[in-house]
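To be precise, the following lines are data-v1.txt, and they hold compact mmCIF, C-alpha atoms and all ligand atoms.
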# COMPACT_ATOMS: atom_id res chain seq x y z
CA MET A 1 10.80 -9.95 21.76
CA ASN A 2 7.15 -10.96 21.66
CA VAL A 3 5.32 -10.15 18.41
CA ASP A 4 1.87 -9.98 20.05
CA GLU A 5 3.02 -7.46 22.66
CA LEU A 6 4.86 -5.47 20.03
CA TYR A 7 1.67 -5.33 17.96
CA LEU A 8 -0.46 -4.09 20.88
CA ASP A 9 2.08 -1.33 21.53
CA LEU A 10 2.20 -0.29 17.86
CA HIS A 11 -1.59 -0.26 17.62
CA GLU A 12 -1.85 1.97 20.66
CA HIS A 13 0.70 4.43 19.24
CA PRO A 14 -0.21 5.12 15.59
CA GLU A 15 1.65 7.80 13.62
CA LEU A 16 0.61 9.61 10.44
CA SER A 17 2.48 9.50 7.12
CA PHE A 18 6.10 10.72 7.37
CA GLU A 19 5.69 11.13 11.16
CA GLU A 20 6.50 7.47 11.98
CA THR A 21 9.48 8.32 14.21
CA ARG A 22 8.52 6.16 17.20
CA THR A 23 7.63 3.20 14.98
CA ALA A 24 10.86 3.62 13.01
CA ALA A 25 12.92 3.73 16.20
CA ILE A 26 11.31 0.49 17.41
CA ALA A 27 11.99 -1.19 14.05
CA ALA A 28 15.63 0.00 14.09
CA ALA A 29 16.22 -1.22 17.65
CA GLU A 30 14.67 -4.62 16.93
CA LEU A 31 16.68 -5.03 13.72
CA ARG A 32 19.90 -4.23 15.60
CA ALA A 33 18.97 -6.68 18.36
CA ALA A 34 18.47 -9.35 15.69
CA GLY A 35 21.93 -8.67 14.25
CA PHE A 36 20.98 -6.63 11.17
CA GLU A 37 23.05 -3.71 9.92
CA VAL A 38 20.61 -0.77 10.15
CA ILE A 39 20.26 2.39 8.06
CA GLU A 40 17.78 4.98 9.31
CA HIS A 41 16.14 8.09 7.81
CA ILE A 42 15.93 6.86 4.22
CA GLY A 43 13.04 8.87 2.74
CA ARG A 44 12.69 10.82 6.01
CA THR A 45 11.40 8.14 8.42
CA GLY A 46 12.22 4.95 6.48
CA VAL A 47 14.37 2.25 8.11
CA VAL A 48 16.17 -0.63 6.40
CA GLY A 49 17.94 -3.58 7.99
CA VAL A 50 20.42 -5.70 6.03
CA LEU A 51 21.47 -9.21 7.05
CA ARG A 52 24.31 -10.52 4.87
CA ASN A 53 24.73 -14.25 5.11
CA GLY A 54 27.13 -15.31 2.39
CA ASP A 55 26.43 -16.03 -1.27
CA GLY A 56 22.89 -16.23 -2.50
CA PRO A 57 20.00 -14.08 -3.69
CA THR A 58 18.99 -10.78 -2.09
CA VAL A 59 15.40 -10.77 -0.83
CA LEU A 60 13.62 -7.56 0.15
CA LEU A 61 10.76 -7.81 2.65
CA ARG A 62 8.65 -4.67 2.93
CA ALA A 63 6.32 -3.35 5.64
CA ASP A 64 4.63 0.05 5.57
CA MET A 65 4.40 1.91 8.88
CA ASP A 66 1.90 4.78 8.69
CA ALA A 67 -1.53 5.17 10.26
CA LEU A 68 -4.58 7.21 9.17
CA PRO A 69 -6.44 10.31 10.34
CA VAL A 70 -9.36 8.24 11.68
CA VAL A 71 -11.02 8.37 15.11
CA GLU A 72 -10.79 4.80 16.42
CA ASP A 73 -14.10 3.20 17.33
CA THR A 74 -13.08 -0.40 18.05
CA GLY A 75 -13.50 -0.30 21.83
CA LEU A 76 -10.29 -2.34 22.13
CA THR A 77 -8.30 -2.12 25.39
CA TYR A 78 -5.26 -1.31 23.24
CA ALA A 79 -7.05 1.28 21.05
CA SER A 80 -5.17 4.35 19.84
CA SER A 81 -4.00 6.72 22.56
CA THR A 82 -3.49 9.48 19.96
CA PRO A 83 -6.75 11.35 19.29
CA GLY A 84 -7.83 11.29 15.66
CA VAL A 85 -5.09 8.89 14.52
CA MET A 86 -5.61 5.16 14.08
CA HIS A 87 -3.94 2.12 12.57
CA ALA A 88 -7.08 1.61 10.51
CA CYS A 89 -5.25 -0.04 7.60
CA GLY A 90 -3.33 -2.60 9.66
CA HIS A 91 0.18 -1.34 8.93
CA ASP A 92 0.90 -2.14 12.60
CA VAL A 93 0.35 -5.80 11.67
CA HIS A 94 2.85 -5.44 8.82
CA VAL A 95 5.51 -3.89 11.09
CA ALA A 96 5.07 -6.44 13.88
CA CYS A 97 5.19 -9.37 11.44
CA LEU A 98 8.30 -8.10 9.67
CA ILE A 99 10.11 -7.59 12.98
CA GLY A 100 9.13 -11.15 13.97
CA ALA A 101 10.32 -12.49 10.62
CA ALA A 102 13.63 -10.59 10.86
CA HIS A 103 14.36 -12.20 14.22
CA GLN A 104 13.41 -15.64 12.92
CA LEU A 105 15.52 -15.35 9.77
CA ALA A 106 18.49 -14.20 11.87
CA ARG A 107 18.08 -17.09 14.33
CA THR A 108 17.95 -19.65 11.51
CA ARG A 109 20.78 -18.21 9.41
CA ALA A 110 22.66 -21.51 9.50
CA GLU A 111 19.89 -22.90 7.26
CA TRP A 112 20.07 -20.39 4.40
CA GLY A 113 22.43 -18.28 2.32
CA GLY A 114 22.01 -14.83 0.77
CA THR A 115 21.02 -11.37 1.97
CA VAL A 116 17.79 -10.28 3.66
CA VAL A 117 16.75 -6.64 3.34
CA ALA A 118 13.99 -5.74 5.84
CA LEU A 119 12.46 -2.45 4.71
CA PHE A 120 10.11 -0.33 6.84
CA GLN A 121 8.49 2.22 4.56
CA PRO A 122 6.86 5.50 5.56
CA ALA A 123 3.82 7.19 4.05
CA GLU A 124 2.12 4.49 2.00
CA GLU A 125 -1.28 6.05 2.62
CA VAL A 126 -0.37 9.25 0.77
CA GLY A 127 1.27 7.34 -2.06
CA ASN A 128 4.78 8.75 -1.89
CA GLY A 129 6.69 6.89 0.84
CA ALA A 130 8.25 4.32 -1.50
CA GLN A 131 9.18 7.06 -3.97
CA ALA A 132 10.70 9.13 -1.13
CA MET A 133 12.97 6.20 -0.21
CA LEU A 134 14.00 5.71 -3.84
CA ASP A 135 14.63 9.45 -4.28
CA ASP A 136 16.82 9.31 -1.17
CA GLY A 137 19.12 6.76 -2.85
CA LEU A 138 17.68 3.58 -1.36
CA TYR A 139 19.48 1.22 -3.75
CA GLU A 140 22.79 3.02 -3.33
CA LYS A 141 22.52 2.45 0.41
CA VAL A 142 21.26 -1.14 0.49
CA PRO A 143 21.76 -4.16 -1.82
CA VAL A 144 19.48 -4.22 -4.88
CA PRO A 145 17.02 -7.08 -4.36
CA ASP A 146 16.39 -10.02 -6.68
CA VAL A 147 12.79 -10.18 -5.49
CA VAL A 148 10.48 -7.84 -3.53
CA LEU A 149 8.02 -9.48 -1.13
CA GLY A 150 5.33 -8.02 1.10
CA GLN A 151 1.88 -8.46 2.55
CA HIS A 152 -1.25 -6.50 3.44
CA VAL A 153 -3.72 -7.52 6.12
CA GLY A 154 -7.34 -7.40 4.99
CA PRO A 155 -10.92 -8.51 5.56
CA ALA A 156 -10.51 -12.24 4.85
CA PRO A 157 -10.52 -15.09 7.39
CA ALA A 158 -7.55 -14.74 9.74
CA GLY A 159 -4.49 -16.57 8.50
CA LEU A 160 -5.72 -16.98 4.92
CA LEU A 161 -3.14 -15.99 2.30
CA GLY A 162 -3.98 -14.81 -1.19
CA ALA A 163 -2.24 -13.33 -4.17
CA HIS A 164 -3.38 -12.53 -7.68
CA ALA A 165 -0.75 -13.00 -10.39
CA GLY A 166 -0.52 -10.12 -12.88
CA PRO A 167 -2.15 -6.71 -12.32
CA ALA A 168 -3.43 -7.12 -8.75
CA TYR A 169 -4.13 -3.65 -7.37
CA ALA A 170 -5.50 -0.69 -9.29
CA SER A 171 -3.59 2.45 -10.07
CA ALA A 172 -4.99 5.48 -8.26
CA ASP A 173 -4.48 9.05 -9.36
CA SER A 174 -5.89 11.99 -7.51
CA LEU A 175 -6.31 15.06 -9.73
CA ASP A 176 -7.21 18.62 -8.83
CA ILE A 177 -8.66 20.70 -11.68
CA THR A 178 -9.17 24.45 -11.35
CA VAL A 179 -11.43 26.05 -13.96
CA HIS A 180 -10.61 29.73 -14.52
CA GLY A 181 -13.60 31.91 -15.48
CA ARG A 182 -14.36 35.59 -15.14
CA GLY A 183 -16.46 36.57 -12.16
CA GLY A 184 -19.21 39.14 -12.03
CA HIS A 185 -22.78 39.97 -11.04
CA GLY A 186 -25.30 37.17 -11.26
CA SER A 187 -27.67 39.53 -13.13
CA ARG A 188 -25.13 40.23 -15.90
CA PRO A 189 -23.86 36.86 -17.15
CA GLU A 190 -22.90 38.40 -20.50
CA THR A 191 -19.95 40.15 -18.78
CA THR A 192 -18.62 36.93 -17.26
CA ILE A 193 -17.24 33.52 -18.15
CA ASP A 194 -19.13 31.29 -15.75
CA PRO A 195 -16.78 28.63 -14.28
CA ILE A 196 -19.71 26.77 -12.72
CA VAL A 197 -21.23 26.07 -16.11
CA ILE A 198 -17.83 24.93 -17.42
CA ALA A 199 -17.30 22.70 -14.36
CA ALA A 200 -20.76 21.19 -14.77
CA ALA A 201 -20.06 20.44 -18.44
CA ILE A 202 -16.72 18.84 -17.51
CA VAL A 203 -18.38 16.61 -14.88
CA GLY A 204 -21.00 15.47 -17.37
CA ARG A 205 -18.56 14.86 -20.19
CA LEU A 206 -16.07 12.99 -17.95
CA GLN A 207 -18.72 10.27 -17.57
CA THR A 208 -18.22 9.37 -21.23
CA ILE A 209 -14.57 8.32 -20.75
CA VAL A 210 -15.22 4.98 -19.04
CA ALA A 211 -18.50 4.48 -20.92
CA ARG A 212 -17.26 5.36 -24.43
CA GLU A 213 -13.45 5.37 -24.56
CA VAL A 214 -12.42 2.28 -22.57
CA ALA A 215 -13.15 -1.29 -23.65
CA PRO A 216 -15.91 -2.97 -21.63
CA GLN A 217 -13.46 -5.71 -20.53
CA GLU A 218 -11.20 -3.16 -18.85
CA VAL A 219 -12.14 -2.15 -15.33
CA SER A 220 -11.63 1.55 -14.70
CA VAL A 221 -13.13 4.36 -12.63
CA VAL A 222 -13.32 8.15 -13.02
CA THR A 223 -14.99 9.72 -9.99
CA VAL A 224 -15.51 13.42 -9.30
CA GLY A 225 -15.53 13.40 -5.51
CA ARG A 226 -15.26 17.12 -4.95
CA LEU A 227 -16.79 20.15 -6.65
CA ASN A 228 -16.33 23.56 -5.09
CA ALA A 229 -17.37 26.96 -6.45
CA GLY A 230 -19.01 30.17 -5.44
CA SER A 231 -19.88 32.04 -2.26
CA LYS A 232 -23.27 33.70 -2.87
CA ASN A 233 -26.29 33.13 -5.09
CA ASN A 234 -25.98 36.37 -7.07
CA ILE A 235 -22.23 36.23 -7.69
CA ILE A 236 -20.66 34.40 -10.61
CA PRO A 237 -17.31 33.25 -9.15
CA GLU A 238 -13.86 33.59 -10.65
CA SER A 239 -13.10 29.90 -10.54
CA ALA A 240 -14.35 26.41 -9.77
CA GLU A 241 -12.48 23.37 -8.47
CA LEU A 242 -12.97 19.69 -9.18
CA GLY A 243 -11.33 16.81 -7.30
CA LEU A 244 -11.04 13.53 -9.22
CA SER A 245 -10.10 9.98 -8.32
CA VAL A 246 -9.00 7.79 -11.24
CA ARG A 247 -8.37 4.02 -11.17
CA ALA A 248 -7.22 1.46 -13.72
CA TYR A 249 -5.55 -1.97 -13.94
CA SER A 250 -3.15 -1.29 -16.77
CA GLU A 251 -0.75 1.51 -17.53
CA GLU A 252 -2.26 1.88 -21.03
CA VAL A 253 -5.76 2.43 -19.68
CA ARG A 254 -4.44 4.71 -16.95
CA GLN A 255 -2.70 6.92 -19.51
CA ARG A 256 -5.82 6.93 -21.67
CA LEU A 257 -7.96 8.07 -18.72
CA LEU A 258 -5.53 10.82 -17.68
CA GLY A 259 -5.15 12.01 -21.26
CA SER A 260 -8.91 12.11 -21.84
CA ILE A 261 -9.54 14.01 -18.62
CA GLU A 262 -7.06 16.69 -19.65
CA ARG A 263 -8.46 16.87 -23.18
CA ILE A 264 -12.05 17.24 -21.96
CA ALA A 265 -11.21 19.81 -19.28
CA ARG A 266 -9.26 21.94 -21.77
CA ALA A 267 -11.88 21.57 -24.49
CA GLU A 268 -14.79 22.54 -22.23
CA ALA A 269 -12.85 25.60 -21.07
CA ALA A 270 -12.14 26.50 -24.70
CA ALA A 271 -15.81 25.98 -25.57
CA SER A 272 -16.65 28.77 -23.11
CA ASP A 273 -13.75 30.96 -24.26
CA ALA A 274 -12.05 30.55 -20.86
CA GLN A 275 -8.33 30.25 -20.13
CA PRO A 276 -7.02 26.66 -20.02
CA PRO A 277 -7.71 25.03 -16.66
CA THR A 278 -4.95 24.17 -14.17
CA ILE A 279 -4.59 20.42 -13.72
CA GLU A 280 -2.52 19.05 -10.83
CA LEU A 281 -1.70 15.47 -9.90
CA ALA A 282 -2.07 15.41 -6.10
CA GLU A 283 -1.47 11.71 -5.34
CA SER A 284 -0.42 8.91 -7.62
CA PHE A 285 -0.15 5.14 -7.18
CA PRO A 286 0.92 2.98 -10.14
CA VAL A 287 -0.80 -0.28 -11.05
CA THR A 288 0.58 -2.98 -8.72
CA VAL A 289 1.62 -5.91 -10.86
CA ASN A 290 2.53 -9.25 -9.27
CA ASP A 291 5.10 -11.08 -11.39
CA VAL A 292 3.30 -14.19 -12.66
CA ALA A 293 6.11 -16.77 -12.29
CA ALA A 294 7.35 -15.37 -8.98
CA THR A 295 3.82 -15.29 -7.57
CA GLU A 296 3.16 -18.90 -8.60
CA ARG A 297 6.46 -19.97 -7.03
CA THR A 298 5.74 -18.16 -3.76
CA MET A 299 2.14 -19.37 -3.51
CA ALA A 300 3.35 -22.95 -4.11
CA ALA A 301 5.71 -22.49 -1.14
CA PHE A 302 2.75 -21.23 0.94
CA ARG A 303 0.63 -24.21 -0.09
CA SER A 304 3.28 -26.72 0.92
CA ALA A 305 3.93 -24.89 4.22
CA PHE A 306 0.34 -24.10 5.23
CA GLY A 307 -1.86 -26.46 3.16
CA GLU A 308 -3.86 -26.07 -0.05
CA ARG A 309 -6.85 -24.51 1.69
CA ALA A 310 -4.80 -21.74 3.31
CA VAL A 311 -4.02 -20.11 -0.05
CA VAL A 312 -6.48 -18.45 -2.46
CA ASP A 313 -6.52 -16.18 -5.48
CA PRO A 314 -8.54 -13.12 -4.38
CA GLY A 315 -8.71 -11.70 -7.92
CA GLN A 316 -8.04 -8.05 -8.65
CA VAL A 317 -8.43 -5.66 -5.75
CA SER A 318 -9.62 -2.08 -6.31
CA GLY A 319 -7.37 -0.63 -3.60
CA SER A 320 -3.95 0.80 -4.44
CA GLU A 321 -0.37 0.41 -3.25
CA ASP A 322 3.04 1.94 -3.84
CA VAL A 323 5.09 -1.21 -3.06
CA GLY A 324 5.45 -1.84 -6.81
CA LEU A 325 7.80 1.14 -7.12
CA LEU A 326 10.39 -0.66 -4.97
CA ALA A 327 10.33 -3.62 -7.37
CA THR A 328 10.24 -1.58 -10.56
CA ALA A 329 13.26 0.49 -9.49
CA ALA A 330 15.20 -2.72 -8.73
CA LYS A 331 13.98 -4.40 -11.98
CA ALA A 332 12.95 -7.24 -9.67
CA PRO A 333 9.74 -9.28 -9.60
CA LEU A 334 7.11 -8.31 -7.04
CA VAL A 335 5.02 -10.73 -4.97
CA TYR A 336 2.50 -8.93 -2.78
CA TRP A 337 -0.11 -11.00 -0.96
CA ILE A 338 -3.14 -10.48 1.25
CA LEU A 339 -3.08 -11.79 4.81
CA GLY A 340 -6.54 -12.45 6.25
CA GLY A 341 -7.19 -10.77 9.58
CA ALA A 342 -10.93 -11.24 10.24
CA HIS A 343 -12.39 -13.56 12.89
CA PRO A 344 -12.90 -16.78 10.89
CA GLU A 345 -16.32 -17.81 12.26
CA THR A 346 -17.71 -14.27 12.10
CA TYR A 347 -16.43 -14.02 8.54
CA LEU A 348 -17.98 -17.31 7.44
CA ALA A 349 -21.31 -16.47 9.10
CA ALA A 350 -21.36 -13.08 7.37
CA ALA A 351 -20.36 -14.65 4.04
CA SER A 352 -23.22 -17.17 4.17
CA ALA A 353 -25.69 -14.47 5.26
CA GLY A 354 -24.48 -12.15 2.48
CA THR A 355 -23.62 -9.44 5.03
CA LEU A 356 -19.84 -9.21 4.61
CA ASP A 357 -20.10 -5.49 3.75
CA ARG A 358 -21.96 -4.77 6.99
CA ASP A 359 -20.39 -7.22 9.46
CA ILE A 360 -16.72 -7.29 8.51
CA PRO A 361 -15.09 -3.86 8.84
CA SER A 362 -12.78 -3.14 5.93
CA ASN A 363 -9.44 -1.36 5.96
CA HIS A 364 -9.78 2.37 6.71
CA SER A 365 -12.91 1.74 8.82
CA SER A 366 -12.89 3.16 12.37
CA LYS A 367 -13.88 -0.37 13.48
CA PHE A 368 -11.07 -2.21 11.65
CA ALA A 369 -9.62 -4.59 14.25
CA PRO A 370 -7.68 -7.61 13.00
CA GLU A 371 -7.71 -10.76 15.14
CA ILE A 372 -4.33 -10.94 16.82
CA GLN A 373 -4.07 -14.69 16.32
CA PRO A 374 -3.66 -16.56 14.12
CA THR A 375 -3.04 -13.42 12.02
CA LEU A 376 0.34 -12.44 13.47
CA ASP A 377 1.80 -15.96 13.58
CA ARG A 378 0.71 -16.58 10.01
CA GLY A 379 2.01 -13.17 8.90
CA VAL A 380 5.45 -13.90 10.36
CA ALA A 381 5.48 -17.43 8.95
CA ALA A 382 4.40 -16.20 5.49
CA LEU A 383 7.27 -13.68 5.33
CA VAL A 384 9.80 -16.28 6.51
CA THR A 385 8.45 -18.96 4.14
CA ALA A 386 8.45 -16.59 1.17
CA ALA A 387 11.96 -15.32 1.96
CA ARG A 388 13.32 -18.85 2.43
CA GLU A 389 11.80 -19.90 -0.90
CA TRP A 390 14.00 -17.29 -2.62
CA LEU A 391 17.11 -17.49 -0.46
CA ARG A 392 19.71 -20.22 -0.99
CA ALA A 393 18.55 -23.35 0.76
CA ALA A 394 21.68 -24.19 2.72
CA ALA A 395 24.15 -22.30 4.86
CA PRO A 396 27.03 -20.77 2.89
CA ALA A 397 29.98 -23.17 2.89
CA ALA A 398 32.45 -20.43 3.89
CA THR A 399 30.69 -19.66 7.14
CA ALA A 400 29.29 -23.10 7.96
CA THR A 401 30.76 -24.45 11.16
CA PRO A 402 31.76 -28.11 11.15
CA ALA A 403 29.80 -30.34 13.48
CA PRO A 404 31.61 -30.61 16.81
CA GLN A 405 33.53 -33.83 17.32
CA LEU A 406 32.64 -35.70 20.44
CA GLU A 407 35.62 -36.49 22.64
CA GLN A 408 35.84 -40.14 23.54
ZN ZN A 501 -4.67 2.07 3.62
ZN ZN A 502 -2.62 -0.16 3.81
Can you give me the file's structure in the form of structure tokens?
Ligand code: ZN
Ligand code: ZN
Amino acid sequence: MNVDELYLDLHEHPELSFEETRTAAIAAAELRAAGFEVIEHIGRTGVVGVLRNGDGPTVLLRADMDALPVVEDTGLTYASSTPGVMHACGHDVHVACLIGAAHQLARTRAEWGGTVVALFQPAEEVGNGAQAMLDDGLYEKVPVPDVVLGQHVGPAPAGLLGAHAGPAYASADSLDITVHGRGGHGSRPETTIDPIVIAAAIVGRLQTIVAREVAPQEVSVVTVGRLNAGSKNNIIPESAELGLSVRAYSEEVRQRLLGSIERIARAEAAASDAQPPTIELAESFPVTVNDVAATERTMAAFRSAFGERAVVDPGQVSGSEDVGLLATAAKAPLVYWILGGAHPETYLAAASAGTLDRDIPSNHSSKFAPEIQPTLDRGVAALVTAAREWLRAAAPAATATPAPQLEQ
């Protein structure tokens, strides 16, 4: 098994959320080849491998598998062969690295004790793959971990590792609001309840939540990214729709934002004598919180394995993740780090020119193309180093084989 070749193959064959059947089959076959016990179809396409190696802690390593509906524009020889689908978030890197790490941990099992759980998760991009695995009885099927570890490739110099202790990734909630009015002729507004006016008032008033209801020290976002209503200039429509994206770094602020949005939407509808609006939560990611002590311990292991300069604190990241659900459900600490994947010299040149935004494609870009090396080697080594930090340091006595005696 060659991790580089595996990566090229995965990149060329991306699969959308909950459709990762080919990727899952590859992960299952590789896990079996490495000597893991394998359970497939947890949360539809999820795959988990378990390697029991005597007494010691249980360590869960997680990789997400899904790709995005993006038309690839990298020009790579191994670009997507599936039109309109691309590994634009680098989950192919995560899968390849976890398969490499599984093989390495299996090969070196004489050096450690405990249980490794290698988890390949579907549908991270739509925010419900981790929950689907939990709902499907994940922790009745596999050992409950003592720590949950994982990584995400991103636009930092290739091989660089970084984790922020505490709240590290924002929560993200996607809300659909439908305002119910009463339609009619544009010349006779007195016979109608105009949902466009209500929607406009809601959009305006929503701007006061972050500005007036959240402390300036708290970072949060309420964006109305979609507003749809009407079909013709002289018709007052029956309804209007708003699509919102909401982000926060603490559960308290998140609940405040969601509560305020509902209050404002209902109040604006009431102000126009309309029926209460329909509010639906379309996608939801919790705040991703890295356990402080566990993160410090894991980053210290990275520093001693890879050097001080290979490890940074990237601060809070505005993207979102569902990996935290796997840790929360297990009541285990989470350590989730960033793995740099950008060409180091190009990155440094762009950083000094102040053109990082323009020159370094970010995740979800049609030009996102991680450097294969040293990214993959470092990604495998990071998973193995982190796992070994938490596993028992020596082989279990019961299964250790005595050194062979030389015959004289
Ligand atoms: Zn993504
Ligand atoms: Zn991602």
- Task: List all protein, DNA and RNA residues that have any atom at most 7 Å from ligand ZN 502 (chain A), counting all atoms listed in the file, and write the list as a list in words.
- Result: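 Every residue with an atom at most 7 Å from ligand ZN 502 (chain A) is listed here: Cys89, Gly90, His91, Glu124, Glu125 and His152 of chain A.
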- Message: Just to confirm, what's the straight-line distance from atom CA of Leu61 of chain A to atom CA of Leu98 of chain A in Å (one decimal)?
- Response: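 Between these atoms lies a distance of 7.4 Å.
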- Message: Taking all atoms listed in the file into account, which residues have an atom no farther than 12 Å from ligand ZN 501 (chain A)? I'd like them as a PyMOL selection string.
- Response: chain A and resi 16-17+64-70+86-92+94+123-127+152-154+318-322+362-365+368
- Note on the structure: The distance between atom CA of Ala101 of chain A and atom CA of Asn2 of chain A is 11.6 Å
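Close contacts of segment 272-283 of chain A, defined as residues with an atom at most 7 Å away when counting all atoms listed in the file, with chain neighbours fewer than 6 positions off set aside, comprise Val126, Gly127, Asp173, Ser174, Leu175, Asp176, Ile177, Thr178, Val179, His180, Gly181, Ile193, Ile198, Ala265 and Arg266 of chain A.
Residues within 9 Å of segment 9-11 of chain A, counting all atoms listed in the file and excluding same-chain residues fewer than 3 positions away, are Asp4, Glu5, Leu6, Pro14, Thr23, Tyr78, Ala79, Ser80, Ser81, Met86, His87, Gly90, His91, Asp92, Val93, Val95 and Ala96 of chain A.
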- Query: Can you tell me, as a PyMOL selection string, what residues are no more than 6 Å from segment 47-56 of chain A when counting only C-alpha atoms, ignoring any on the same chain fewer than 4 positions away?
  - Reply: chain A and resi 36-40+113-120+392+396
- Message: Restricting the calculation to only C-alpha atoms: of A:His164, A:Thr208, A:Glu238, A:Val323, which residue gets closest to Pro122 of chain A?
- Response: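 Between A:His164, A:Thr208, A:Glu238, A:Val323, the residue approaching Pro122 of chain A most closely is A:Val323.
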- Message: Need the shell around Arg247 of chain A: protein/DNA/RNA residues with any atom at most 7 Å away, counting all atoms listed in the file. Skip same-chain ones fewer than 5 positions apart. Format as a PyMOL selection string?
- Response: chain A and resi 170-173+220-222
- In Å, how far is it from atom CA of Trp112 of chain A to atom CA of Thr288 of chain A?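 Computing it gives 29.2 Å between the two atoms.
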Just want the 10 Å neighbourhood of segment 344-346 of chain A, counted on all atoms listed in the file, with same-chain residues fewer than 2 positions away dropped. Output as a PDB file with C-alpha atoms, in the frame of the given file.
ATOM      1  CA  ALA A 156     -10.510 -12.240   4.850  1.00  0.00           C
ATOM      2  CA  PRO A 157     -10.520 -15.090   7.390  1.00  0.00           C
ATOM      3  CA  ALA A 158      -7.550 -14.740   9.740  1.00  0.00           C
ATOM      4  CA  GLY A 159      -4.490 -16.570   8.500  1.00  0.00           C
ATOM      5  CA  LEU A 160      -5.720 -16.980   4.920  1.00  0.00           C
ATOM      6  CA  GLY A 340      -6.540 -12.450   6.250  1.00  0.00           C
ATOM      7  CA  GLY A 341      -7.190 -10.770   9.580  1.00  0.00           C
ATOM      8  CA  ALA A 342     -10.930 -11.240  10.240  1.00  0.00           C
ATOM      9  CA  LEU A 348     -17.980 -17.310   7.440  1.00  0.00           C
ATOM     10  CA  ALA A 349     -21.310 -16.470   9.100  1.00  0.00           C
ATOM     11  CA  ALA A 350     -21.360 -13.080   7.370  1.00  0.00           C
ATOM     12  CA  ALA A 351     -20.360 -14.650   4.040  1.00  0.00           C
ATOM     13  CA  LEU A 356     -19.840  -9.210   4.610  1.00  0.00           C
ATOM     14  CA  ASP A 359     -20.390  -7.220   9.460  1.00  0.00           C
ATOM     15  CA  ILE A 360     -16.720  -7.290   8.510  1.00  0.00           C
ATOM     16  CA  GLU A 371      -7.710 -10.760  15.140  1.00  0.00           C
ATOM     17  CA  PRO A 374      -3.660 -16.560  14.120  1.00  0.00           C
TER      18      PRO A 374
END
- Using only C-alpha atoms, can you list as a PyMOL selection string the residues within 9 Å of (-17.0, 27.7, -4.7)? chain A and resi 196+227-232+237-241
Mind giving me the axis-aligned box for segment 126-133 of chain A with 6 Å on every side, centre plus edges in Å to one decimal, as JSON?
{"center_x": 6.3, "center_y": 6.8, "center_z": -1.6, "size_x": 25.3, "size_y": 16.9, "size_z": 16.8}
- Task: Using all atoms listed in the file, pick whichever of A:Ala200, A:Val219, A:Ala327, A:Ile42 has the shortest atom-to-atom distance to Leu149 of chain A.
- Result: A:Ala327
N, CA, C and O atoms are what I want for segment 143-151 of chain A; can you complete it accordingly and write them as a short mmCIF file (atom, residue, chain, number, x, y, z; two decimals), in the coordinates of the input?
data_model
loop_
_atom_site.label_atom_id
_atom_site.label_comp_id
_atom_site.auth_asym_id
_atom_site.auth_seq_id
_atom_site.Cartn_x
_atom_site.Cartn_y
_atom_site.Cartn_z
N PRO A 143 21.64 -3.30 -0.62
CA PRO A 143 21.76 -4.16 -1.82
C PRO A 143 20.48 -4.16 -2.65
O PRO A 143 19.38 -4.14 -2.09
N VAL A 144 20.64 -4.18 -3.97
CA VAL A 144 19.48 -4.22 -4.88
C VAL A 144 18.88 -5.63 -4.82
O VAL A 144 19.59 -6.61 -5.01
N PRO A 145 17.59 -5.74 -4.53
CA PRO A 145 17.02 -7.08 -4.36
C PRO A 145 16.78 -7.83 -5.67
O PRO A 145 16.59 -7.22 -6.72
N ASP A 146 16.77 -9.16 -5.55
CA ASP A 146 16.39 -10.02 -6.68
C ASP A 146 14.89 -10.28 -6.69
O ASP A 146 14.34 -10.72 -7.70
N VAL A 147 14.24 -10.03 -5.56
CA VAL A 147 12.79 -10.18 -5.49
C VAL A 147 12.29 -9.27 -4.36
O VAL A 147 13.00 -9.05 -3.37
N VAL A 148 11.09 -8.69 -4.56
CA VAL A 148 10.48 -7.84 -3.53
C VAL A 148 9.21 -8.53 -3.05
O VAL A 148 8.34 -8.90 -3.85
N LEU A 149 9.14 -8.75 -1.73
CA LEU A 149 8.02 -9.48 -1.13
C LEU A 149 7.35 -8.62 -0.06
O LEU A 149 8.01 -7.85 0.64
N GLY A 150 6.03 -8.76 0.06
CA GLY A 150 5.33 -8.02 1.10
C GLY A 150 3.91 -8.50 1.25
O GLY A 150 3.43 -9.32 0.46
N GLN A 151 3.25 -8.02 2.31
CA GLN A 151 1.88 -8.46 2.55
C GLN A 151 1.04 -7.31 3.08
O GLN A 151 1.55 -6.35 3.64
#
